[in-house]
Amino acid sequence: MNAATFAIIVASATPLIFAAIGETITEKAGVVNLSLDGSMLLSAMTGFAIAYTTGSVELGLLAGMATSGFVAFVVAFGGIRLRVNQIAVGLILTYFATKLSALLGGEFVRKPGPSVQKMSLPILEDIPFFGEILFQQNPLVYFSFLLVIASFWWIFHTRRGLDLQAIGERPEAAFARGIPVNTLRYFYTVLGGAFVGLGGAAFSLDAKMGWSEGHIANYGWIALAIVIFGGWHPLRVAFGCYLFGAIQIVALKMQPTLPDLAQVLPIAPFPLMILTLVFLNMRVVQSFTMRFKGIGRLIRGTAPSALGESFWPD
Amino acid sequence: MSLELRAITKRFGSVVANDTISLSVGSGEIHGLLGENGAGKSTLVKILSGFITRDQGEIELDGTKLHLLSPNEAVANGIGILHQEPLVFLPFSVVDNFLIGSPKEYGYAEAYEALSTISEQFGFDLNPDVSASNLSIGERQQLEIARLLWLGARVLILDEPTTAISSTQREKLFATIRDLADDGMSVIFVSHKLEEVQELCDRVTILREGKISASVDLPSPVEYLVSKMFGTGVLPKTRIARVNGSSLLELANASAFEQPGQIIDVNLSVSRGQIIGLAGLEGAGQRTLLRAMAGFVPFAEGSFRLQSAEISELDYLDRLGLGFYYLPADRQREGLVNGLSITEHVALSVTDQSKVINWNIARSEAAKRIEKFSIKGTVESTPESLSGGNQQRLLLALMPETPLLLLMEHPTRGLDIESAAWVWSYLLTLSESGTSIIFSSSDLEELTTYSDQIAVCFSGRIIDQFDASEATVEELGLLIGGVHQR
Amino acid sequence: MNSLQQTKYFAGAITISLVVSIFFLWLLEAPLVDTAKLLVEGAFGTNQRIGDTFMIWVPLLLASASLVVTFSAGLWNIGVEGQIVAGAVAASFVAREVQGSTTVILTLMVIGGFVGGALWGLLVGVLRVRGGVNEIFGGIGLNFVATGLIVYLVIGPWSRDGVASTGGTEPFGPQAWFPTIDGLRVSPLALIIAFVSLASVMFLLSKTHFGLRLRATGKNPLAANRFGIATSRYLLMAFIIGGGVAGLAGVTQAGAVYHRLVPSISGGYGFLAILIVLLARFRGLWVIPIALFFATIAMASFQWQLRLGLHSALGGVIQGVLVLSVVLVMGYQEVRQQREQSNSRDDAAL
């Protein structure tokens, strides 16, 4: 495992970071957006399509953000205004967005398109070992670093972040204190959705260039699972994303040595990751880790108490 | 700040919850709002706090008319509400709780300072960095009061604040309220506890069935206040002298723990047909005791014998089979299934072992029970559409004919007088046919009238146990508060 | 009053989805009339096609029946896809290893498939009940594992001689084929299994004590406990029954449609069934026509692709639009209804 490998891990995990951090923000506000798998695909498609047609990567990324932002809005609207179960809306949208991405993306399949250009940071790139891993990447990667730190700082170290936590924790109490619960929930859901879309577009314009049907299938589920794994904490969520990236690289490297499993290995990381999360979430394991303060806090995380429950003042 | 309400009216469908309510509270005045459960107090509080809007009437604060369309507006105008269960964010620290919802210019520095200043002024002992989940309810109230003060509340409305706090905390709370009033705060103290209103308030407005029944200065003769609360004088409830049957259950040195609540080293004997009332503050252990006897909470220590058989290891399902039955206080959440009809509830409670349900039989059985228990509903009604009294009747209707032991939490909480009387006449008939009843209640009259024996719970222990005829309501009140006497 | 209002809103939702669908058709420059014609023709145009439509109907019915059970227990059984796969794997195992008459083999396949699906569902259940793991993620995780398992089997131990491809295993011997009607690809046995399962599920839920207790568990586990219902056990039973019925879908897919094991054996029918059940408002009776309609669309999709050059995902888009519209519009209708009800309710929040 040399610096080059780590650099690849960082690069390949970046889209997932956008998606997972985005969903973390949404869930911290108390809304669960289960449409990720579909909306990421849809954003990957629209991002690529726009970038291909206009030649502009930036427009493509923005298109991706708008797409998933809109899907997220539908989830919020369905849950808050129409009082439909958030999970139900999310699942339907997953299916719908997946099919839509295939339908509308037909003409862009396997076309070569623009991609994000590498941009090494001067001075920082010369740091031994870490320079190559962290600072010889492209702007998206740098933005992902910023996003992780910014969201961590925002949620846990600002007044408005406190409000965000409040509406996800106990909306009635927040409302009684004059905090506009549902307005904020709409805002954070769409904001989170926009980052999810950035993640989707980041795949087709960078980490997994191009577009084909089912291009990035299942990544949405992984992102959702990592949010839980990360205990709704941006730093731990980021760690989960890099962990998944690492598992994928390992699986890739193992292919030549296990030719029989060549077909299975690429998909192996997915069940492995989810099962790891499942395992770590088991009550038995959680209460076991309570004894080890340090590791325990790394692994444990509590969901926002009002997660998934829409709030209505009356 | 002077607060004035004029002709406040609020309807829910055909029910008039508040009917032309007018009252005024001046600066430095502690005004009591007294009334039975269901008299309209909480509707008025919700209107004043901006949670719901009135249909008619005016609210004026220092002469300025208020619309009060949202909690925001109430907060902005200096109206602070202390809820019965303080709306506090449990996982967050005290200082975080302090900050949430305050104007954005304030930061942690201001919060820490304000917290310590106010705490000192009123003698609160609040550690800013501790998680709110570690605070007792009394301390959470202090946190909320401090926060409301910091935000400039000039009117403080306390909604049944003494329900779940100890007597020491209550003394502290009352002292705080008096200090606040001395500083010019206008206080509205909402309660159904006459003694407390009498002790604390300068004036009292009594609500009955949505209307103002009286508005007088305090102190005032108790009989007068009571007659205004209940409509007639308290009918001296005749205690029925009863003879109990043979010994049935023995609970010895029992301890049990649940989150929250506990019982420690409890001894209790129950005879056939005996009615035992559990008295105590909320959280003193009655609920845990009832649930442990039902089998929901395991005994950590001690023995529980049914005649001579040890049954402490049996779980709820097994005890159901023995003839135990448990009726929770939270009828909708724990007792009934929203979305299922009365017929379906009846079918659920039937213990015949046939696999297939004959819905015709179930429906006719449901109709029978609806009639027998005078439930205002049809066989297709779901619990959500029933009033509290009817829900309780339904819960009773779902019981096996004559259970061996009935464990009831707050049998008449939230019920109107008529339903409450009906429930007790039914329970008394049950006890006459041999059912033993253990019930918890915060209604001291209820406890002294219907129990054969009263057991007083305090901090998880039974600190006194005696024949109900031996104690007066006042003595009982003192015992509950932890003041040993008798 | 309620039913009339509900029907009106439902009709409105259908209209909306029609409009949106037509919009997509316009976007793709698809000929409207031909598309509509092919909808019917594609599914029922020839006897062969009718048979194929029915054979899509079957797994949709079974997966939906499975979900109706788990939903009534208050569970989101996203793991239904994996349970179909598990059933298919179990049935394939029987088909490959067991010798005997068709009757024997098919019976064992059905039993094996049910057991396979039931066990796979039980795994999700145990993770939830004992492990405290949300069944959505447990289900997804096990879906992935099932996919991995089936890929491994198809290219590994069960691969065709010398050919390690994801095309599928060797076809089953003729005794393991579900009998079909002459020339048509429809298996009456599969249809019977589907309808019997759905009917059984509906009977179980509405006419037995078990079903009533399951529904009580789903609506209010705390209160259900007080009625003497061992809620954990009932949740597990829901997963077993649901998983088993889903496994039957795997059996029919393997035994009556593909006659061998292929990686895509569940065909996404599990997830699609979630939409069907949501659209049917969890009512078993409505599942029947809705599942048929979705099967029709799926068949029409082929023809749309073949004859009109439209992308095969068009059918999925139409299905998605339909369910989304109905669920959102009916949600709105319920909100309005609740508002009217609470304004006229006798009991006030005093």
# chains A, B, ... in the order shown; residues from 1 in each chain; ligands from 1
call {"tool": "select_by_dssp", "arguments": {"residues": "region 81-114 of chain A", "states": "helix (DSSP H, G or I)", "output": "list of chain:residue names"}}
result
A:Gln86, A:Ile87, A:Ala88, A:Val89, A:Gly90, A:Leu91, A:Ile92, A:Leu93, A:Thr94, A:Tyr95, A:Phe96, A:Ala97, A:Thr98, A:Lys99, A:Leu100, A:Ser101, A:Ala102, A:Leu103, A:Leu104, A:Gly106, A:Glu107, A:Phe108
call {"tool": "interface_residues", "arguments": {"of": "chain B", "to": "chain A", "cutoff": "9 Å", "atoms": "only C-alpha atoms", "output": "PyMOL selection string"}}
result
chain B and resi 49-52+70-76+81+86-92+96+99-102+104+106-108
call {"tool": "residues_around", "arguments": {"residues": "region 347-359 of chain B", "least_positions_apart": "6", "cutoff": "6 Å", "atoms": "only C-alpha atoms", "output": "count of residues only"}}
result
4
call {"tool": "residues_around", "arguments": {"residues": "Met229 (chain B)", "least_positions_apart": "6", "cutoff": "9 Å", "atoms": "only C-alpha atoms", "output": "MDAnalysis selection string"}}
result
chainID B and resid 34:36 39 206:208 213:214
call {"tool": "closest_atom_pairs", "arguments": {"of": "region 80-174 of chain C", "to": "region 48-64 of chain C", "cutoff": "12 Å", "atoms": "only C-alpha atoms", "output": "Markdown table"}}
result
| residue | atom | partner | partner_atom | distance |
| --- | --- | --- | --- | --- |
| C:Val80 | CA | C:Ala63 | CA | 7.1 |
| C:Glu81 | CA | C:Ala63 | CA | 8.5 |
| C:Gly82 | CA | C:Ala63 | CA | 11.1 |
| C:Gln83 | CA | C:Ala63 | CA | 9.3 |
| C:Ile84 | CA | C:Ala63 | CA | 7.9 |
| C:Val85 | CA | C:Ala63 | CA | 11.5 |
| C:Gly87 | CA | C:Ala63 | CA | 11.7 |
| C:Ala88 | CA | C:Pro59 | CA | 11.5 |
| C:Phe114 | CA | C:Leu62 | CA | 11.3 |
| C:Gly117 | CA | C:Ala63 | CA | 11.1 |
call {"tool": "write_last_selection", "arguments": {"atoms": "all heavy atoms", "output": "PDB file, in the first residue's frame"}}
result
ATOM      1  N   VAL C  80     -36.910  -8.422   0.162  1.00  0.00           N
ATOM      2  CA  VAL C  80     -37.710  -9.380  -0.594  1.00  0.00           C
ATOM      3  C   VAL C  80     -36.966  -9.875  -1.844  1.00  0.00           C
ATOM      4  O   VAL C  80     -37.103 -11.034  -2.239  1.00  0.00           O
ATOM      5  CB  VAL C  80     -39.087  -8.761  -0.954  1.00  0.00           C
ATOM      6  CG1 VAL C  80     -38.913  -7.542  -1.818  1.00  0.00           C
ATOM      7  CG2 VAL C  80     -39.992  -9.765  -1.609  1.00  0.00           C
ATOM      8  N   GLU C  81     -36.152  -9.012  -2.438  1.00  0.00           N
ATOM      9  CA  GLU C  81     -35.372  -9.429  -3.616  1.00  0.00           C
ATOM     10  C   GLU C  81     -34.466 -10.604  -3.271  1.00  0.00           C
ATOM     11  O   GLU C  81     -34.418 -11.603  -3.992  1.00  0.00           O
ATOM     12  CB  GLU C  81     -34.511  -8.263  -4.118  1.00  0.00           C
ATOM     13  CG  GLU C  81     -35.266  -7.185  -4.837  1.00  0.00           C
ATOM     14  CD  GLU C  81     -35.341  -7.456  -6.333  1.00  0.00           C
ATOM     15  OE1 GLU C  81     -34.518  -8.235  -6.843  1.00  0.00           O
ATOM     16  OE2 GLU C  81     -36.244  -6.901  -6.968  1.00  0.00           O
ATOM     17  N   GLY C  82     -33.762 -10.485  -2.175  1.00  0.00           N
ATOM     18  CA  GLY C  82     -32.863 -11.562  -1.765  1.00  0.00           C
ATOM     19  C   GLY C  82     -33.622 -12.835  -1.445  1.00  0.00           C
ATOM     20  O   GLY C  82     -33.126 -13.933  -1.673  1.00  0.00           O
ATOM     21  N   GLN C  83     -34.846 -12.665  -0.914  1.00  0.00           N
ATOM     22  CA  GLN C  83     -35.629 -13.844  -0.570  1.00  0.00           C
ATOM     23  C   GLN C  83     -36.094 -14.577  -1.818  1.00  0.00           C
ATOM     24  O   GLN C  83     -36.158 -15.818  -1.845  1.00  0.00           O
ATOM     25  CB  GLN C  83     -36.819 -13.437   0.304  1.00  0.00           C
ATOM     26  CG  GLN C  83     -36.390 -13.054   1.704  1.00  0.00           C
ATOM     27  CD  GLN C  83     -37.213 -11.910   2.278  1.00  0.00           C
ATOM     28  OE1 GLN C  83     -38.367 -11.727   1.911  1.00  0.00           O
ATOM     29  NE2 GLN C  83     -36.603 -11.146   3.169  1.00  0.00           N
ATOM     30  N   ILE C  84     -36.378 -13.819  -2.869  1.00  0.00           N
ATOM     31  CA  ILE C  84     -36.720 -14.465  -4.142  1.00  0.00           C
ATOM     32  C   ILE C  84     -35.517 -15.272  -4.638  1.00  0.00           C
ATOM     33  O   ILE C  84     -35.653 -16.432  -5.058  1.00  0.00           O
ATOM     34  CB  ILE C  84     -37.125 -13.421  -5.208  1.00  0.00           C
ATOM     35  CG1 ILE C  84     -38.380 -12.665  -4.770  1.00  0.00           C
ATOM     36  CG2 ILE C  84     -37.343 -14.076  -6.552  1.00  0.00           C
ATOM     37  CD1 ILE C  84     -38.798 -11.569  -5.731  1.00  0.00           C
ATOM     38  N   VAL C  85     -34.352 -14.625  -4.581  1.00  0.00           N
ATOM     39  CA  VAL C  85     -33.134 -15.300  -5.032  1.00  0.00           C
ATOM     40  C   VAL C  85     -32.879 -16.561  -4.225  1.00  0.00           C
ATOM     41  O   VAL C  85     -32.579 -17.624  -4.773  1.00  0.00           O
ATOM     42  CB  VAL C  85     -31.921 -14.343  -4.934  1.00  0.00           C
ATOM     43  CG1 VAL C  85     -30.635 -15.101  -5.148  1.00  0.00           C
ATOM     44  CG2 VAL C  85     -32.058 -13.222  -5.941  1.00  0.00           C
ATOM     45  N   GLY C  87     -34.980 -18.410  -2.694  1.00  0.00           N
ATOM     46  CA  GLY C  87     -35.928 -19.436  -3.102  1.00  0.00           C
ATOM     47  C   GLY C  87     -35.509 -20.077  -4.413  1.00  0.00           C
ATOM     48  O   GLY C  87     -35.598 -21.298  -4.586  1.00  0.00           O
ATOM     49  N   ALA C  88     -35.030 -19.232  -5.321  1.00  0.00           N
ATOM     50  CA  ALA C  88     -34.609 -19.754  -6.615  1.00  0.00           C
ATOM     51  C   ALA C  88     -33.408 -20.688  -6.463  1.00  0.00           C
ATOM     52  O   ALA C  88     -33.331 -21.749  -7.099  1.00  0.00           O
ATOM     53  CB  ALA C  88     -34.264 -18.600  -7.558  1.00  0.00           C
ATOM     54  N   PHE C 114     -39.700 -22.409  -0.762  1.00  0.00           N
ATOM     55  CA  PHE C 114     -40.355 -21.720   0.356  1.00  0.00           C
ATOM     56  C   PHE C 114     -39.415 -21.670   1.551  1.00  0.00           C
ATOM     57  O   PHE C 114     -39.246 -20.621   2.184  1.00  0.00           O
ATOM     58  CB  PHE C 114     -41.660 -22.430   0.727  1.00  0.00           C
ATOM     59  CG  PHE C 114     -42.468 -21.695   1.757  1.00  0.00           C
ATOM     60  CD1 PHE C 114     -43.422 -20.778   1.382  1.00  0.00           C
ATOM     61  CD2 PHE C 114     -42.256 -21.910   3.119  1.00  0.00           C
ATOM     62  CE1 PHE C 114     -44.157 -20.083   2.331  1.00  0.00           C
ATOM     63  CE2 PHE C 114     -42.984 -21.222   4.068  1.00  0.00           C
ATOM     64  CZ  PHE C 114     -43.937 -20.307   3.682  1.00  0.00           C
ATOM     65  N   GLY C 117     -36.491 -19.193   0.935  1.00  0.00           N
ATOM     66  CA  GLY C 117     -36.903 -17.807   1.104  1.00  0.00           C
ATOM     67  C   GLY C 117     -37.210 -17.490   2.554  1.00  0.00           C
ATOM     68  O   GLY C 117     -36.867 -16.421   3.067  1.00  0.00           O
TER      69      GLY C 117
END
call {"tool": "interface_residues", "arguments": {"of": "chain B", "to": "chain C", "cutoff": "8 Å", "atoms": "only C-alpha atoms", "output": "MDAnalysis selection string"}}
result
chainID B and resid 12:15 17 38:43 316:317 320 326 333:340 344 347:349 354:359 385:387
call {"tool": "write_last_selection", "arguments": {"atoms": "N, CA, C and O atoms", "output": "CSV table (one decimal), in the first residue's frame"}}
result
chain,number,residue,atom,x,y,z
B,12,PHE,N,-64.0,23.4,19.3
B,12,PHE,CA,-63.5,22.3,18.5
B,12,PHE,C,-64.8,21.5,18.1
B,12,PHE,O,-65.4,20.8,18.8
B,13,GLY,N,-65.2,21.8,16.8
B,13,GLY,CA,-66.4,21.2,16.4
B,13,GLY,C,-67.6,21.7,17.2
B,13,GLY,O,-67.8,22.9,17.2
B,14,SER,N,-68.3,20.8,17.9
B,14,SER,CA,-69.4,21.3,18.6
B,14,SER,C,-69.1,21.6,20.1
B,14,SER,O,-69.9,22.1,20.8
B,15,VAL,N,-67.9,21.3,20.4
B,15,VAL,CA,-67.5,21.5,21.8
B,15,VAL,C,-66.9,22.9,22.0
B,15,VAL,O,-66.0,23.3,21.2
B,17,ALA,N,-64.5,24.7,24.0
B,17,ALA,CA,-63.5,24.5,25.0
B,17,ALA,C,-63.2,25.7,25.9
B,17,ALA,O,-63.0,25.5,27.1
B,38,GLY,N,-60.0,18.7,32.0
B,38,GLY,CA,-61.0,18.9,31.0
B,38,GLY,C,-61.8,20.1,31.1
B,38,GLY,O,-62.7,20.4,30.3
B,39,ALA,N,-61.4,21.0,32.1
B,39,ALA,CA,-62.2,22.2,32.2
B,39,ALA,C,-61.9,23.3,31.2
B,39,ALA,O,-62.7,24.2,31.0
B,40,GLY,N,-60.8,23.1,30.5
B,40,GLY,CA,-60.5,24.1,29.5
B,40,GLY,C,-59.2,24.8,29.7
B,40,GLY,O,-58.8,25.7,29.0
B,41,LYS,N,-58.4,24.4,30.8
B,41,LYS,CA,-57.2,25.1,31.1
B,41,LYS,C,-56.2,25.0,30.1
B,41,LYS,O,-55.5,26.0,29.6
B,42,SER,N,-56.0,23.8,29.6
B,42,SER,CA,-54.8,23.6,28.6
B,42,SER,C,-55.2,24.2,27.3
B,42,SER,O,-54.2,24.7,26.6
B,43,THR,N,-56.4,24.3,26.9
B,43,THR,CA,-56.7,25.0,25.7
B,43,THR,C,-56.3,26.5,25.8
B,43,THR,O,-55.7,27.1,24.9
B,316,TYR,N,-45.3,-11.7,31.6
B,316,TYR,CA,-46.7,-11.2,31.5
B,316,TYR,C,-47.6,-12.1,30.8
B,316,TYR,O,-48.8,-12.3,31.3
B,317,LEU,N,-47.2,-12.8,29.8
B,317,LEU,CA,-48.1,-13.7,29.1
B,317,LEU,C,-48.6,-14.8,30.0
B,317,LEU,O,-49.7,-15.2,30.1
B,320,LEU,N,-51.0,-13.4,32.5
B,320,LEU,CA,-52.3,-13.2,31.9
B,320,LEU,C,-53.1,-14.5,32.1
B,320,LEU,O,-54.3,-14.4,32.4
B,326,TYR,N,-53.6,-5.9,33.2
B,326,TYR,CA,-52.9,-4.7,33.5
B,326,TYR,C,-53.6,-3.6,32.6
B,326,TYR,O,-53.8,-3.8,31.4
B,333,ARG,N,-51.7,4.9,23.7
B,333,ARG,CA,-50.4,4.4,23.3
B,333,ARG,C,-50.1,3.0,23.8
B,333,ARG,O,-49.5,2.2,23.1
B,334,GLU,N,-50.5,2.6,25.0
B,334,GLU,CA,-50.2,1.3,25.5
B,334,GLU,C,-51.4,0.4,25.6
B,334,GLU,O,-51.2,-0.8,25.7
B,335,GLY,N,-52.6,0.9,25.6
B,335,GLY,CA,-53.7,0.0,25.8
B,335,GLY,C,-54.5,-0.4,24.6
B,335,GLY,O,-54.9,-1.5,24.5
B,336,LEU,N,-54.6,0.6,23.7
B,336,LEU,CA,-55.5,0.3,22.6
B,336,LEU,C,-54.7,0.4,21.3
B,336,LEU,O,-53.7,1.1,21.2
B,337,VAL,N,-55.2,-0.2,20.2
B,337,VAL,CA,-54.5,-0.2,18.9
B,337,VAL,C,-55.3,0.7,18.0
B,337,VAL,O,-56.4,0.4,17.5
B,338,ASN,N,-54.7,1.9,17.7
B,338,ASN,CA,-55.4,2.8,16.8
B,338,ASN,C,-55.4,2.2,15.4
B,338,ASN,O,-54.4,1.7,14.9
B,339,GLY,N,-56.6,2.2,14.8
B,339,GLY,CA,-56.7,1.7,13.4
B,339,GLY,C,-57.4,0.4,13.5
B,339,GLY,O,-57.9,-0.1,12.4
B,340,LEU,N,-57.5,-0.3,14.7
B,340,LEU,CA,-58.3,-1.5,14.7
B,340,LEU,C,-59.7,-1.1,15.3
B,340,LEU,O,-59.8,-0.3,16.2
B,344,GLU,N,-62.5,-5.8,16.4
B,344,GLU,CA,-61.1,-6.4,16.3
B,344,GLU,C,-60.5,-6.4,17.6
B,344,GLU,O,-59.8,-7.4,18.0
B,347,ALA,N,-62.0,-9.3,19.4
B,347,ALA,CA,-61.4,-10.5,18.9
B,347,ALA,C,-60.1,-10.8,19.5
B,347,ALA,O,-59.7,-11.9,19.8
B,348,LEU,N,-59.3,-9.7,19.6
B,348,LEU,CA,-57.9,-9.9,20.2
B,348,LEU,C,-58.0,-10.3,21.6
B,348,LEU,O,-57.1,-11.0,22.1
B,349,SER,N,-59.0,-9.9,22.4
B,349,SER,CA,-59.0,-10.2,23.8
B,349,SER,C,-59.6,-11.6,24.1
B,349,SER,O,-59.5,-12.1,25.2
B,354,SER,N,-59.3,-21.2,18.8
B,354,SER,CA,-59.6,-21.5,17.4
B,354,SER,C,-58.8,-20.7,16.5
B,354,SER,O,-58.5,-19.5,16.8
B,355,LYS,N,-58.3,-21.2,15.4
B,355,LYS,CA,-57.4,-20.4,14.5
B,355,LYS,C,-58.1,-19.4,13.7
B,355,LYS,O,-57.7,-18.3,13.5
B,356,VAL,N,-59.3,-19.8,13.3
B,356,VAL,CA,-60.1,-18.9,12.4
B,356,VAL,C,-61.0,-18.0,13.2
B,356,VAL,O,-61.6,-18.4,14.1
B,357,ILE,N,-61.2,-16.8,12.8
B,357,ILE,CA,-62.1,-15.8,13.5
B,357,ILE,C,-63.4,-15.9,12.8
B,357,ILE,O,-63.6,-15.8,11.6
B,358,ASN,N,-64.5,-16.0,13.6
B,358,ASN,CA,-65.8,-15.9,13.1
B,358,ASN,C,-66.2,-14.5,13.3
B,358,ASN,O,-66.6,-14.1,14.5
B,359,TRP,N,-66.2,-13.7,12.3
B,359,TRP,CA,-66.4,-12.2,12.5
B,359,TRP,C,-67.8,-11.9,12.9
B,359,TRP,O,-68.1,-10.9,13.6
B,385,SER,N,-61.4,7.6,17.6
B,385,SER,CA,-62.7,8.4,17.5
B,385,SER,C,-63.4,8.4,18.8
B,385,SER,O,-64.4,9.1,18.9
B,386,LEU,N,-62.9,7.7,19.8
B,386,LEU,CA,-63.6,7.7,21.1
B,386,LEU,C,-63.0,8.7,22.1
B,386,LEU,O,-61.8,9.0,22.0
B,387,SER,N,-63.8,9.2,22.9
B,387,SER,CA,-63.3,10.2,24.0
B,387,SER,C,-62.6,9.3,25.0
B,387,SER,O,-62.7,8.1,25.1
